[in-house]
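K.L.:
Below is the file entry_28.tsv, with TSV, C-alpha atoms and all ligand atoms.
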chain	number	residue	atom	x	y	z
H	1	MET	CA	-16.37	-19.62	22.72
H	2	GLN	CA	-15.66	-18.10	19.31
H	3	LYS	CA	-12.03	-16.98	18.83
H	4	THR	CA	-11.41	-13.22	18.85
H	5	ASN	CA	-10.54	-11.93	15.38
H	6	ALA	CA	-9.26	-8.50	14.44
H	7	ALA	CA	-11.83	-6.90	12.17
H	8	ILE	CA	-11.54	-3.78	10.08
H	9	THR	CA	-14.40	-1.58	11.30
H	10	ALA	CA	-13.63	1.71	9.52
H	11	VAL	CA	-11.57	3.00	6.61
H	12	GLY	CA	-10.17	6.45	5.83
H	13	GLY	CA	-8.18	7.82	2.94
H	14	TYR	CA	-6.54	10.86	1.44
H	15	VAL	CA	-4.93	11.76	-1.85
H	16	PRO	CA	-3.38	15.18	-2.54
H	17	ASP	CA	-5.14	17.56	-4.96
H	18	TYR	CA	-2.31	17.97	-7.45
H	19	ILE	CA	-2.69	15.66	-10.47
H	20	LEU	CA	0.48	14.76	-12.34
H	21	THR	CA	-0.73	13.55	-15.72
H	22	ASN	CA	1.12	11.53	-18.32
H	23	ALA	CA	0.90	14.64	-20.53
H	24	GLU	CA	2.85	16.62	-17.92
H	25	LEU	CA	5.43	13.82	-17.65
H	26	GLU	CA	5.89	14.11	-21.42
H	27	THR	CA	7.16	17.66	-20.82
H	28	MET	CA	9.62	16.46	-18.13
H	29	MET	CA	11.22	13.42	-19.81
H	30	GLU	CA	11.27	11.46	-23.03
H	31	THR	CA	8.09	9.44	-22.69
H	32	THR	CA	4.58	9.21	-24.08
H	33	ASP	CA	1.13	8.80	-22.63
H	34	GLU	CA	0.70	5.81	-24.94
H	35	TRP	CA	3.84	4.06	-23.58
H	36	ILE	CA	2.92	4.64	-19.94
H	37	GLN	CA	-0.69	3.55	-20.32
H	38	SER	CA	0.09	0.45	-22.35
H	39	ARG	CA	3.00	-0.71	-20.11
H	40	THR	CA	1.54	0.19	-16.70
H	41	GLY	CA	-2.14	1.16	-16.97
H	42	ILE	CA	-1.44	4.54	-15.32
H	43	ARG	CA	-3.02	7.78	-16.59
H	44	GLU	CA	-2.22	10.09	-13.71
H	45	ARG	CA	-1.00	10.14	-10.13
H	46	ARG	CA	-1.36	12.52	-7.16
H	47	ILE	CA	1.55	14.58	-5.83
H	48	LEU	CA	1.81	16.26	-2.44
H	49	LYS	CA	2.95	19.86	-3.00
H	50	GLY	CA	4.00	22.45	-0.44
H	51	GLU	CA	7.12	23.07	1.57
H	52	GLY	CA	7.34	21.26	4.88
H	53	LYS	CA	4.63	18.76	3.94
H	54	GLY	CA	5.43	15.08	4.41
H	55	SER	CA	3.89	11.65	4.77
H	56	SER	CA	2.48	12.49	8.21
H	57	ASP	CA	0.30	15.24	6.71
H	58	MET	CA	-1.39	12.81	4.33
H	59	ALA	CA	-1.72	10.19	7.08
H	60	VAL	CA	-3.31	12.76	9.40
H	61	ALA	CA	-5.90	13.59	6.73
H	62	ALA	CA	-6.67	9.88	6.23
H	63	VAL	CA	-6.94	9.23	9.99
H	64	ASN	CA	-9.16	12.28	10.57
H	65	ASN	CA	-11.39	11.11	7.71
H	66	LEU	CA	-11.71	7.71	9.43
H	67	LEU	CA	-12.31	9.10	12.93
H	68	GLN	CA	-14.98	11.51	11.69
H	69	LYS	CA	-16.80	8.82	9.70
H	70	LYS	CA	-16.72	6.43	12.64
H	71	GLY	CA	-17.48	9.16	15.18
H	72	ILE	CA	-14.74	8.27	17.63
H	73	ASP	CA	-12.49	10.40	19.76
H	74	PRO	CA	-8.73	10.32	18.91
H	75	LYS	CA	-8.07	9.57	22.59
H	76	GLU	CA	-9.78	6.17	22.20
H	77	ILE	CA	-7.03	4.90	19.88
H	78	GLU	CA	-4.60	2.67	21.78
H	79	MET	CA	-2.02	1.82	19.13
H	80	VAL	CA	-0.86	3.16	15.74
H	81	ILE	CA	1.24	1.26	13.21
H	82	CYS	CA	2.39	3.39	10.31
H	83	ALA	CA	3.58	1.44	7.27
H	84	THR	CA	5.77	3.74	5.23
H	85	THR	CA	8.91	3.81	3.13
H	86	THR	CA	9.04	7.61	3.14
H	87	PRO	CA	8.84	8.59	6.81
H	88	ASP	CA	8.86	12.30	7.64
H	89	MET	CA	12.46	11.81	8.78
H	90	GLN	CA	14.79	8.95	9.78
H	91	PHE	CA	13.65	9.36	13.37
H	92	PRO	CA	11.48	9.75	15.33
H	93	ALA	CA	8.89	7.44	13.81
H	94	THR	CA	6.19	9.07	11.70
H	95	ALA	CA	3.62	7.22	13.84
H	96	ASN	CA	4.64	9.49	16.73
H	97	VAL	CA	4.17	12.60	14.61
H	98	ILE	CA	0.75	11.42	13.44
H	99	CYS	CA	-0.38	10.71	17.03
H	100	ASP	CA	0.69	14.19	18.04
H	101	LYS	CA	-0.98	15.98	15.11
H	102	VAL	CA	-4.27	14.04	15.45
H	103	GLY	CA	-4.38	14.20	19.27
H	104	MET	CA	-4.14	10.43	19.83
H	105	THR	CA	-2.51	11.09	23.18
H	106	ASN	CA	-3.29	7.68	24.67
H	107	ALA	CA	-1.74	5.71	21.81
H	108	TRP	CA	1.70	4.23	21.36
H	109	GLY	CA	3.03	3.23	18.01
H	110	TYR	CA	5.85	2.82	15.55
H	111	ASP	CA	6.69	2.66	11.86
H	112	LEU	CA	6.97	-0.53	9.86
H	113	ASN	CA	9.00	-0.65	6.67
H	114	ALA	CA	8.28	-3.49	4.27
H	115	ALA	CA	8.07	-1.31	1.14
H	116	CYS	CA	4.98	-2.08	-0.96
H	117	SER	CA	3.98	-5.00	1.29
H	118	GLY	CA	4.05	-2.77	4.37
H	119	PHE	CA	0.30	-2.44	4.76
H	120	ILE	CA	-0.26	-6.21	4.74
H	121	PHE	CA	2.60	-6.73	7.18
H	122	ALA	CA	1.28	-3.97	9.48
H	123	LEU	CA	-2.26	-5.32	9.32
H	124	THR	CA	-1.03	-8.73	10.45
H	125	VAL	CA	1.05	-7.22	13.27
H	126	GLY	CA	-1.81	-4.98	14.42
H	127	ALA	CA	-4.20	-7.94	14.41
H	128	GLN	CA	-2.02	-9.76	16.97
H	129	PHE	CA	-2.60	-7.01	19.54
H	130	ILE	CA	-6.37	-7.36	19.08
H	131	GLU	CA	-6.41	-11.18	19.03
H	132	THR	CA	-4.42	-11.42	22.25
H	133	GLY	CA	-6.79	-8.99	23.96
H	134	ARG	CA	-4.02	-6.48	24.59
H	135	HIS	CA	-5.78	-3.67	22.71
H	136	ASN	CA	-9.30	-2.88	21.47
H	137	LYS	CA	-8.60	-0.09	18.96
H	138	VAL	CA	-5.55	-0.30	16.70
H	139	LEU	CA	-5.01	1.99	13.72
H	140	VAL	CA	-3.05	0.68	10.75
H	141	ILE	CA	-1.91	3.33	8.29
H	142	GLY	CA	-0.29	2.95	4.88
H	143	VAL	CA	1.25	6.15	3.55
H	144	ASP	CA	3.93	7.28	1.14
H	145	LYS	CA	5.15	10.49	-0.41
H	146	MET	CA	6.96	8.66	-3.21
H	147	SER	CA	7.54	11.94	-5.05
H	148	SER	CA	10.09	12.79	-2.31
H	149	ILE	CA	12.40	9.96	-3.43
H	150	MET	CA	11.71	10.05	-7.16
H	151	ASN	CA	14.24	10.98	-9.81
H	152	TYR	CA	12.11	12.55	-12.53
H	153	GLU	CA	15.00	12.08	-14.97
H	154	ASP	CA	14.58	8.29	-14.62
H	155	ARG	CA	11.71	7.54	-16.99
H	156	LYS	CA	11.77	3.81	-16.25
H	157	THR	CA	10.91	4.28	-12.58
H	158	SER	CA	9.37	7.67	-11.85
H	159	ILE	CA	6.34	7.22	-14.10
H	160	ILE	CA	4.72	4.57	-11.90
H	161	PHE	CA	4.79	6.25	-8.47
H	162	GLY	CA	2.44	8.68	-6.71
H	163	ASP	CA	1.54	9.97	-3.22
H	164	GLY	CA	-1.34	8.99	-0.94
H	165	ALA	CA	-2.49	7.57	2.39
H	166	GLY	CA	-5.08	5.19	3.77
H	167	ALA	CA	-5.95	3.99	7.26
H	168	VAL	CA	-8.05	1.25	8.81
H	169	LEU	CA	-9.31	0.69	12.35
H	170	LEU	CA	-8.97	-2.79	13.86
H	171	GLU	CA	-11.35	-3.88	16.63
H	172	PRO	CA	-12.17	-7.26	18.22
H	173	ASN	CA	-14.84	-9.43	16.61
H	174	ASN	CA	-16.21	-12.65	18.10
H	175	GLU	CA	-18.57	-13.59	15.27
H	176	GLY	CA	-15.97	-14.97	12.89
H	177	TYR	CA	-15.45	-11.77	10.88
H	178	GLY	CA	-12.11	-10.06	10.39
H	179	LEU	CA	-8.61	-11.22	9.50
H	180	VAL	CA	-8.71	-14.97	9.00
H	181	ASP	CA	-5.29	-15.78	7.59
H	182	SER	CA	-2.14	-14.23	6.19
H	183	ILE	CA	0.98	-15.45	4.45
H	184	LEU	CA	3.97	-13.12	4.62
H	185	ARG	CA	7.31	-13.62	2.90
H	186	THR	CA	10.67	-11.90	2.52
H	187	ASP	CA	13.74	-12.56	0.38
H	188	GLY	CA	16.51	-10.07	1.15
H	189	SER	CA	18.59	-11.19	-1.81
H	190	GLY	CA	16.13	-9.23	-3.96
H	191	ARG	CA	17.23	-5.93	-2.41
H	192	VAL	CA	19.71	-5.31	-5.23
H	193	PHE	CA	16.87	-4.80	-7.71
H	194	LEU	CA	14.94	-2.18	-5.75
H	195	HIS	CA	16.47	0.08	-3.13
H	196	GLN	CA	17.79	3.49	-2.13
H	197	LYS	CA	21.56	3.54	-2.51
H	198	ALA	CA	22.47	6.25	-0.01
H	199	GLY	CA	21.19	7.99	3.09
H	200	GLY	CA	21.32	4.98	5.41
H	201	SER	CA	24.02	3.73	7.77
H	202	VAL	CA	25.91	1.86	5.02
H	203	LYS	CA	26.30	4.98	2.92
H	204	PRO	CA	25.40	8.12	4.85
H	205	ALA	CA	24.49	11.27	2.93
H	206	THR	CA	27.39	13.31	1.52
H	207	ILE	CA	27.60	15.98	-1.14
H	208	GLU	CA	28.71	13.24	-3.56
H	209	THR	CA	25.78	10.93	-2.83
H	210	VAL	CA	23.38	13.82	-3.39
H	211	MET	CA	25.12	14.87	-6.61
H	212	ASN	CA	24.94	11.25	-7.80
H	213	LYS	CA	21.19	11.19	-7.06
H	214	GLU	CA	21.63	8.18	-4.78
H	215	HIS	CA	18.76	9.20	-2.51
H	216	TYR	CA	16.22	8.35	-5.13
H	217	VAL	CA	14.56	5.00	-5.79
H	218	TYR	CA	16.79	2.67	-7.79
H	219	GLN	CA	14.76	0.02	-9.58
H	220	GLU	CA	15.57	-2.63	-12.17
H	221	GLY	CA	12.03	-2.73	-13.42
H	222	GLN	CA	12.09	-5.86	-15.53
H	223	ALA	CA	13.68	-7.98	-12.79
H	224	VAL	CA	11.22	-6.70	-10.19
H	225	PHE	CA	8.36	-7.30	-12.61
H	226	LYS	CA	9.25	-10.97	-13.05
H	227	PHE	CA	9.43	-11.65	-9.30
H	228	ALA	CA	6.26	-9.62	-8.66
H	229	VAL	CA	4.15	-11.42	-11.25
H	230	LYS	CA	5.16	-14.84	-9.97
H	231	ASN	CA	5.15	-14.26	-6.22
H	232	MET	CA	2.02	-12.12	-5.93
H	233	ALA	CA	0.03	-14.63	-7.99
H	234	ASP	CA	1.52	-17.62	-6.12
H	235	VAL	CA	0.78	-16.25	-2.66
H	236	ALA	CA	-2.78	-15.24	-3.59
H	237	ALA	CA	-3.41	-18.73	-4.98
H	238	GLU	CA	-1.86	-20.29	-1.86
H	239	ILE	CA	-4.09	-18.37	0.55
H	240	MET	CA	-7.16	-19.36	-1.48
H	241	GLU	CA	-6.18	-23.00	-1.42
H	242	ARG	CA	-5.46	-23.26	2.27
H	243	ASN	CA	-8.74	-21.53	3.15
H	244	ASN	CA	-10.81	-23.54	0.66
H	245	LEU	CA	-11.70	-20.41	-1.29
H	246	THR	CA	-12.68	-20.58	-4.95
H	247	ALA	CA	-13.08	-18.02	-7.72
H	248	GLU	CA	-16.82	-18.10	-6.92
H	249	THR	CA	-16.51	-17.61	-3.16
H	250	VAL	CA	-13.92	-14.81	-3.31
H	251	ASN	CA	-15.85	-11.54	-3.53
H	252	TRP	CA	-12.93	-9.16	-3.97
H	253	LEU	CA	-9.23	-9.10	-4.76
H	254	VAL	CA	-7.42	-6.06	-3.38
H	255	PRO	CA	-4.09	-6.10	-5.23
H	256	HIS	CA	-1.09	-3.85	-4.80
H	257	GLN	CA	-1.20	-1.27	-7.59
H	258	ALA	CA	2.28	-1.30	-9.15
H	259	ASN	CA	1.48	-2.26	-12.71
H	260	LYS	CA	-1.85	-3.19	-14.30
H	261	ARG	CA	-0.17	-6.19	-15.94
H	262	ILE	CA	0.85	-7.61	-12.52
H	263	ILE	CA	-2.71	-7.12	-11.23
H	264	THR	CA	-4.16	-8.92	-14.25
H	265	ALA	CA	-1.71	-11.82	-13.89
H	266	THR	CA	-2.72	-12.24	-10.22
H	267	ALA	CA	-6.44	-12.10	-10.99
H	268	ASP	CA	-6.02	-14.59	-13.85
H	269	ARG	CA	-4.17	-16.99	-11.58
H	270	MET	CA	-7.12	-16.80	-9.15
H	271	ASN	CA	-9.57	-17.20	-12.06
H	272	LEU	CA	-11.33	-14.06	-10.86
H	273	ALA	CA	-13.71	-12.05	-13.00
H	274	PRO	CA	-12.37	-8.51	-13.61
H	275	GLU	CA	-15.33	-6.92	-11.81
H	276	LYS	CA	-14.14	-8.54	-8.55
H	277	VAL	CA	-10.75	-6.82	-8.75
H	278	MET	CA	-10.18	-3.39	-7.20
H	279	VAL	CA	-8.15	-1.27	-9.61
H	280	ASN	CA	-7.47	2.46	-9.25
H	281	ILE	CA	-3.92	2.48	-10.61
H	282	GLU	CA	-5.03	4.56	-13.59
H	283	ARG	CA	-5.76	7.51	-11.26
H	284	PHE	CA	-3.30	7.10	-8.39
H	285	GLY	CA	-0.35	5.08	-9.75
H	286	ASN	CA	1.75	3.19	-7.23
H	287	THR	CA	1.46	4.84	-3.81
H	288	THR	CA	3.54	2.01	-2.24
H	289	ASN	CA	2.10	1.55	1.29
H	290	GLY	CA	-1.00	3.52	0.31
H	291	THR	CA	-2.35	1.29	-2.47
H	292	LEU	CA	-4.30	-1.32	-0.49
H	293	PRO	CA	-6.02	0.95	2.07
H	294	LEU	CA	-6.83	3.45	-0.71
H	295	CYS	CA	-8.61	0.65	-2.60
H	296	LEU	CA	-10.58	-0.30	0.53
H	297	TRP	CA	-11.42	3.39	1.03
H	298	GLU	CA	-12.72	3.79	-2.52
H	299	TRP	CA	-14.67	0.51	-2.54
H	300	GLU	CA	-15.93	0.64	1.07
H	301	SER	CA	-19.54	1.47	0.10
H	302	LYS	CA	-19.72	-1.66	-2.09
H	303	LEU	CA	-18.45	-4.06	0.59
H	304	ARG	CA	-20.88	-6.29	2.46
H	305	LYS	CA	-20.68	-8.10	5.79
H	306	GLY	CA	-19.33	-11.58	5.13
H	307	ASP	CA	-17.56	-10.73	1.86
H	308	ASN	CA	-14.45	-12.84	1.31
H	309	ILE	CA	-11.63	-10.43	0.50
H	310	VAL	CA	-8.09	-11.37	-0.53
H	311	LEU	CA	-5.34	-8.76	-0.28
H	312	ALA	CA	-2.06	-9.35	-2.14
H	313	ALA	CA	1.12	-7.31	-2.44
H	314	PHE	CA	4.71	-7.45	-3.63
H	315	GLY	CA	7.48	-4.94	-3.04
H	316	GLY	CA	11.06	-3.98	-2.37
H	317	GLY	CA	13.03	-6.23	-0.08
H	318	PHE	CA	11.79	-8.38	-1.65
H	319	THR	CA	8.67	-8.64	0.47
H	320	TRP	CA	5.33	-10.11	-0.48
H	321	GLY	CA	2.21	-11.55	1.05
H	322	SER	CA	-1.50	-12.14	1.06
H	323	THR	CA	-4.24	-11.72	3.65
H	324	TYR	CA	-7.73	-13.23	3.76
H	325	ILE	CA	-10.41	-11.12	5.43
H	326	ARG	CA	-14.07	-11.87	6.10
H	327	TRP	CA	-15.43	-8.34	5.91
H	328	ALA	CA	-17.21	-7.26	9.08
H	329	TYR	CA	-19.74	-4.59	8.06
H	330	ASP	CA	-22.00	-3.31	5.31
H	331	GLY	CA	-20.70	-0.25	3.52
H	332	ASN	CA	-23.31	2.48	3.17
A	401	LIG	O1	5.81	-1.52	-6.35
A	401	LIG	C1	6.55	-2.65	-6.10
A	401	LIG	C2	7.64	-2.99	-6.97
A	401	LIG	N1	7.65	-2.46	-8.29
A	401	LIG	C3	7.06	-3.09	-9.34
A	401	LIG	O2	6.33	-4.03	-9.17
A	401	LIG	C4	7.38	-2.57	-10.74
A	401	LIG	C5	7.66	-3.71	-11.67
A	401	LIG	N2	8.17	-3.27	-12.95
A	401	LIG	C6	7.38	-2.65	-13.87
A	401	LIG	O3	6.23	-2.39	-13.64
A	401	LIG	C7	7.98	-2.36	-15.21
A	401	LIG	O4	9.22	-3.01	-15.33
A	401	LIG	C8	8.18	-0.84	-15.50
A	401	LIG	C9	6.83	-0.17	-15.70
A	401	LIG	C10	8.92	-0.16	-14.36
A	401	LIG	C11	8.96	-0.66	-16.80
A	401	LIG	O5	8.28	-1.33	-17.87
A	401	LIG	P1	9.03	-2.41	-18.78
A	401	LIG	O6	8.03	-2.88	-19.72
A	401	LIG	O7	9.68	-3.42	-17.90
A	401	LIG	O8	10.11	-1.52	-19.52
A	401	LIG	P2	11.67	-1.71	-19.62
A	401	LIG	O9	12.34	-1.08	-18.47
A	401	LIG	O10	11.99	-3.13	-19.96
A	401	LIG	O11	11.97	-0.87	-20.93
A	401	LIG	C12	11.52	-1.30	-22.24
A	401	LIG	C13	11.84	-0.20	-23.23
A	401	LIG	C14	13.29	0.29	-23.15
A	401	LIG	O12	13.69	0.68	-24.45
A	401	LIG	P3	14.66	-0.26	-25.32
A	401	LIG	O13	15.88	-0.43	-24.50
A	401	LIG	O14	13.89	-1.53	-25.51
A	401	LIG	O15	14.84	0.53	-26.55
A	401	LIG	C15	13.18	1.53	-22.29
A	401	LIG	O16	14.22	2.44	-22.53
A	401	LIG	O17	11.02	0.95	-22.97
A	401	LIG	C16	11.85	2.09	-22.72
A	401	LIG	N3	11.23	2.88	-21.67
A	401	LIG	C17	10.40	3.91	-21.91
A	401	LIG	N4	9.96	4.46	-23.04
A	401	LIG	C18	9.12	5.49	-22.95
A	401	LIG	C19	11.35	2.70	-20.34
A	401	LIG	N5	10.60	3.62	-19.70
A	401	LIG	C20	10.01	4.37	-20.65
A	401	LIG	C21	9.13	5.46	-20.61
A	401	LIG	N6	8.70	5.99	-21.77
A	401	LIG	N7	8.67	6.00	-19.44
How does this structure look as structure tokens?
Ligand code: UT7
P.N.:
Amino acid sequence: MQKTNAAITAVGGYVPDYILTNAELETMMETTDEWIQSRTGIRERRILKGEGKGSSDMAVAAVNNLLQKKGIDPKEIEMVICATTTPDMQFPATANVICDKVGMTNAWGYDLNAACSGFIFALTVGAQFIETGRHNKVLVIGVDKMSSIMNYEDRKTSIIFGDGAGAVLLEPNNEGYGLVDSILRTDGSGRVFLHQKAGGSVKPATIETVMNKEHYVYQEGQAVFKFAVKNMADVAAEIMERNNLTAETVNWLVPHQANKRIITATADRMNLAPEKVMVNIERFGNTTNGTLPLCLWEWESKLRKGDNIVLAAFGGGFTWGSTYIRWAYDGN
């Protein structure tokens, strides 16, 4: 009997209405549209506005979009994994809040934090619950309100990030479609280059930490860039090799959207033609956990049953990884 795979059977997404353009950033800090576009490929990003609005609100919109498209009742969902680096609050988990707001009253769930690789990590975890037969409907969400931890006086970091959410539904498939393989990696020694200095148990929030802006993202961009270019390309090449995939048989690369130059380096390493690479960084920037599901959401109508899709990501931690999916349905 054919092994049970976890297949993505529906995709949902949401980006906030507010568009933060490079021109607006020029009024907030010493930068130029030319510098940002040439160094990162980003033209604009979306920002969630409104008091009391957090990551859960964007995730709820993405999940509702998915449930409506698929025509399923929220009560059918058995498990929710929310990949996020900007949870609504330290605890409880944002997954709980999402379940409550959507009415997924039969689901259990939790948050997973692997920074920009979170969606790939969560997808792999969620797939285990399908493959073992434990669950039949698992939601994997990638969401971040990066604007909530951004220091808009730090021109080296703030210009790349934006807000957004995406969600996918995992269901069992016995025809060979779905998640085939994944390679996941971490190297905690890289944490010094990309982290949040205060607000955790090592350095709880005080007036001083707030005054020192230690609750914002701290990033040594160049160092992160070097690791990202190498590791994202390496892991994507590795997953191709061990699954006997070639540049011809890969239909799509879904890369993390942190910097257009990192995406290009990964695609070049895979020898992929540019038209096989999903890129929306120019409109959404780096939405951290949101980038990969937002790509799937935007490209869903172009995807065909049997397409070979490689996902690749790199992020804070350091964390990185790649997943190979045989797509399970025709987009409409
Ligand atoms: O999402 C997961 C993890 N994150 C990443 O993968 C991000 C990886 N890193 C990057 O994408 C890039 O390092 C950045 C986009 C963050 C920065 O680009 P860079 O080409 O590495 O710039 P840099 O920090 O090396 O700065 C080069 C120069 C500096 O000027 P000097 O010292 O050479 O005179 C900066 O002060 O560019 C200057 N600069 C800017 N100028 C105008 C830095 N940021 C800006 C800016 N506008 N926004």
K.L.:
Name the residues, by chain letter and number, that sit within 7 Å of ligand LIG 401 (chain A) using all atoms listed in the file, and give them as a list in words.
P.N.:
Glu30, Thr31, Thr32, Trp35, Ile36, Arg39, Thr40, Cys116, Arg155, Lys156, Thr157, Ile159, Ile160, Gly221, Gln222, Val224, Phe225, Ala228, Ala258, Asn259, Asn286, Thr288, Phe314, Gly315 and Gly316 of chain H
K.L.:
Which is closest to Ser301 in chain H among H:Gly54, H:Val235, H:Pro172, H:Val11, if we use all atoms listed in the file?
P.N.:
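Closest to Ser301 in chain H, using all atoms listed in the file: H:Val11.
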K.L.:
Nearest to Leu66 in chain H among H:Gly12, H:Gly126, H:Gly41, H:Gly200, with distances taken over only C-alpha atoms: which residue is it?
P.N.:
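Counting only C-alpha atoms, the residue closest to Leu66 in chain H is H:Gly12.
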K.L.:
Give me the residues near range 178-182 of chain H as number ranges by chain, where near means some atom within 9 Å (using only C-alpha atoms) and where sequence neighbours in that chain fewer than 6 positions away do not count.
P.N.:
H: 5-9, 120-121, 123-124, 127, 170-172, 239, 243, 321-328
K.L.:
So what do you get for CA of Arg185 in chain H versus CA of Thr319 in chain H, distance-wise?
P.N.:
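So the two atoms, CA of Arg185 in chain H and CA of Thr319 in chain H, lie 5.7 Å apart.
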K.L.:
Set the distance at 9 Å and use only C-alpha atoms: which residues neighbour range 56-58 of chain H once local chain neighbours fewer than 6 positions away are removed? I'd like the list as a list in words.
P.N.:
Gly13, Tyr14, Val15, Pro16, Leu48, Pro87, Asp88, Thr94, Ala95, Val97, Ile98, Lys101, Val143, Asp144, Lys145, Asp163, Gly164, Ala165 and Gly166 of chain H
K.L.:
Using all atoms listed in the file, which residues sit within 8 Å of Ser189 in chain H once same-chain residues fewer than 2 positions away are excluded, as a PDB file with C-alpha atoms, keeping the file's coordinate frame?
P.N.:
ATOM      1  CA  ASP H 187      13.740 -12.560   0.380  1.00  0.00           C
ATOM      2  CA  ARG H 191      17.230  -5.930  -2.410  1.00  0.00           C
ATOM      3  CA  VAL H 192      19.710  -5.310  -5.230  1.00  0.00           C
ATOM      4  CA  GLY H 317      13.030  -6.230  -0.080  1.00  0.00           C
ATOM      5  CA  PHE H 318      11.790  -8.380  -1.650  1.00  0.00           C
TER       6      PHE H 318
END
K.L.:
Grab the CA of Ala167 in chain H to CA of Val63 in chain H distance for me, in Å with one decimal place.
P.N.:
6.0 Å
K.L.:
Pick from H:Gln196, H:Gln219, H:Asn173, H:Gln68: nearest to Ser158 in chain H, with only C-alpha atoms counted?
P.N.:
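Residue with the minimum atom-to-atom distance to Ser158 in chain H: H:Gln219.
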K.L.:
Can you measure CA of Lys137 in chain H to CA of Leu294 in chain H for me? One decimal in Å is fine.
P.N.:
20.1 Å
K.L.:
For Ile42 in chain H, which of H:Val279, H:Val140, H:Ala312, H:Val250 is the closest residue, counting only C-alpha atoms?
P.N.:
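Ranked by minimum distance to Ile42 in chain H, first place goes to H:Val279.
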K.L.:
I'd like to know which of H:Pro274, H:Leu112, H:Gly52, H:Val254 is closest to Val125 in chain H, using all atoms listed in the file.
P.N.:
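Comparing H:Pro274, H:Leu112, H:Gly52, H:Val254 against Val125 in chain H, the winner is H:Leu112.
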K.L.:
Kindly provide, as a list in words, the polymer residues lying within 9 Å of (-13.5, 1.7, 2.7), counting all atoms listed in the file and using the coordinates exactly as they appear in the file.
P.N.:
Ala10, Val11, Gly12, Gly13, Val168, Pro293, Leu294, Cys295, Leu296, Trp297, Glu298, Trp299, Glu300, Ser301, Lys302, Leu303 and Gly331 of chain H
K.L.:
Which residue gives the smallest distance to Pro74 in chain H among H:Asn289, H:Ala61, H:Arg45, H:Gly103, with only C-alpha atoms counted?
P.N.:
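Among the listed residues, the smallest separation from Pro74 in chain H belongs to H:Gly103.
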